[in-house]
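Presented below is the structure to which this report refers.
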Amino acid sequence: MGVKNFNIIFENPVKTYYPAEIVRGHISLTLDWPKKCRGLKIKGKGEAKTSWNTSAGKGQTRYTGHEEYFSIKQYLTGGESDEVELARGIHSFPFEFILPSRLPSSFESKLGYIRYTLKAIIDLPWKFDIETKSPFTVISKYDLNTDSNASRPIVESRTHNFGCFSTTPPLTATLSMPVGGYVPGQIIPINISINNQSGVTIYHVRLKLIKKVVFKVTKPRSQKRKKKTTIKEIHEGKIENNNVSFDEFIEVPSLPSSNLNQCGIIDVQYAVELKLYIDKLCSRNLKFTTQVLIGTVPLNNCPFFTSVLSSVTQSSILPSSSAPPNYSSVINFELPPPTYEESIFAAENLQDDDDSQHVIGINDHFAPRYPVYKFPSHRP
């Protein structure tokens with residue numbers, strides 16, 4: 001083949017961009033001997049795809065959904081009707097293009113993705129082209145300060161009665177958070193209050209941060225699939241007292257923001273789920289969720305708690321149904337710019353339907369990078 005190295009080098013080392021930004025870099029090419037071609041070109045695209053198979057009788061039906069956000073093609077040397085000879089040795093071809101102003105954030109999942117890629121192609125007449133491919137991340141800004149729901153306190157309660165033939169006094173669980181919106185790197189402080197007058201034993205408590213995604217397909221007909229994934233979970237043992245209040249803390253990892261605005265076939269939401277496991281026959285466990293928002297820009301004067309919110313006590317006053325517990329006061333501090341860290345969700349490969357098995361880079365692992373903030377440590 002004569003191609004020793006063929007790489008796409010982005011000027012931005014973390015390959016992370018916002019809509020309307022300029023993407024710059026160069027194509028690095030090393031040839032062992034001269035090569036005649038029409039030219040060297042780049043193709044950039046942004047798209048969302050969803051797909052899955054459904055069994056029907058003895059066969060399977062493939063369902064798909066697709067949205068295209070942009071597509072560019074540029075010759076960096078030569079052209080479709082040209083013939084050029086690339087000399088032996090090292091070459092560098094600079095490229096530059098501007099992203100559209102409205103794009104959804106990058107997202108990766110087995111049932112669907114929103115992906116942005118750049119491909120460099122040595123256009124060979126009457127032969128298979130030589131291609132290399134590289135992904136990059138796009139982040140659609142979600143400023144929590146523009147969403148009134150993000151700054152509102154969250155208080156969610158559920159009451160449960162037990163008994164096969166007669167009803168017991170109630171068990172009430174309350175989950176409280178100081179605000180509804182957080183960013184990766186931030187700790188969500190969660191207060192759990194339990195008022196157990198029922199006489200049943202709570203032998204286990206589980207708290208989860210979960211991601212809920214709705215995937216849509218349009219061909220051969222419209223369908224939806226929902227997938228729930230646990231991001232983090234915390235477990236507590238047996239609750240010995242009838243009236244307790246305690247706090248848990250969940251740090252938000254690198255995640256795509258809520259909603260995935262501008263995408264019509266993938267939607268992402270987050271929630272905190274509380275489950276109390278009940279040790280009693282004929283009784284269901286008590287479980288409920290409350291939505292939280294994950295953004296890319298934190299709330300102004302964002303919650304930074306100077307101490308643990310409370311501790312388990314023998315007798316705690318339960319919060320009212322209209323307000324969360326009295327959290328520590330918010331402290332103003334200057335938050336440094338975010339770093340861009342790889343998501344915990346990644347693509348196993350980058351092969352698309354129009355890629356041959358010989359495209360350089362299609363078997364690479366890829367995890368989008370999202371803004372992660374460094375908050376001062378507040379836990380003792």
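Each chain in the structure tokens gets a letter, A, B, ..., in the order shown, and its residues are numbered from 1; ligands are numbered from 1 in order too.
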Item to check | Test item: residues at most 7 Å from Glu96 (chain A), only C-alpha atoms, excluding those fewer than 4 positions along its chain, as a PyMOL selection string | outcome: chain A and resi 22-25
Checklist entry - Do you know which residues are at most 10 Å from Ser254 (chain A) counting only C-alpha atoms, after dropping those on the same chain fewer than 5 positions away, and could you put them as a PyMOL selection string? => result chain A and resi 183-185+340-345+368-373
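Comparing A:Asn196, A:Ile250, A:Leu175, A:Lys212 by their smallest distance to Leu274 (chain A), the closest is A:Leu175 (using only C-alpha atoms).
Between Asp32 (chain A) and the candidates A:Phe288, A:Tyr18, A:Tyr182, A:Phe6, the tightest atom-to-atom separation, counting only C-alpha atoms, involves A:Phe6.
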Next on the checklist: Please list as an NGL selection string every residue within 7 Å of region 112-123 of chain A, counting only C-alpha atoms and excluding residues in the same chain fewer than 3 positions away.
Outcome noted: :A and (37-51 or 106-109 or 129-137)
Checklist entry - Which neighbours of His365 (chain A) fall inside 10 Å, counting only C-alpha atoms, when residues of the same chain fewer than 6 positions from it are skipped, and could you give them as number ranges by chain? => result A: 135, 346-350
Checklist entry - If you count only C-alpha atoms, which residues fall within 6 Å of Pro104 (chain A), apart from same-chain ones fewer than 2 positions away, as a ChimeraX atom specification? => result /A:140,260-263
Next on the checklist: Just list as a ChimeraX atom specification whatever in region 215-273 of chain A DSSP marks as strand (DSSP E).
Outcome noted: /A:215-217,223-236,243-251,266-273
Item to check | Test item: residues at most 8 Å from Glu248 (chain A), only C-alpha atoms, excluding those fewer than 6 positions along its chain, as an MDAnalysis selection string | outcome: chainID A and resid 189:192 234
Go ahead and dump the residues you just picked, C-alpha atoms, as a short mmCIF file (atom, residue, chain, number, x, y, z; two decimals), in the first residue's frame.
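Saved as part_25.cif:
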data_model
loop_
_atom_site.label_atom_id
_atom_site.label_comp_id
_atom_site.auth_asym_id
_atom_site.auth_seq_id
_atom_site.Cartn_x
_atom_site.Cartn_y
_atom_site.Cartn_z
CA PRO A 189 -26.50 15.67 48.94
CA ILE A 190 -29.56 13.56 49.68
CA ASN A 191 -31.46 13.47 52.94
CA ILE A 192 -33.57 10.39 53.69
CA ILE A 234 -25.50 3.27 47.88
#
Item to check | Polymer residues at most 10 Å from Lys232 (chain A), only C-alpha atoms, same-chain spacing of 4 or more positions, as number ranges by chain | outcome: A: 207-211, 250-253, 272
Next on the checklist: Between CA of Thr339 (chain A) and CA of Tyr270 (chain A), what distance in Å does the model show, to one decimal?
Outcome noted: 21.8 Å
Item to check | Minimum-distance residue to Arg206 (chain A), chosen among A:Leu276, A:Met177, A:Val292, A:Ile194 (using only C-alpha atoms) | outcome: A:Leu276
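Nearest residue to Tyr203 (chain A), choosing from A:Glu273, A:Glu67, A:Glu21, A:Asp279 and counting only C-alpha atoms: A:Asp279.
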Next on the checklist: Going by DSSP on the backbone, which residues of region 71-299 of chain A come out as helix (DSSP H, G or I)? List them as a count of residues only.
Outcome noted: 7
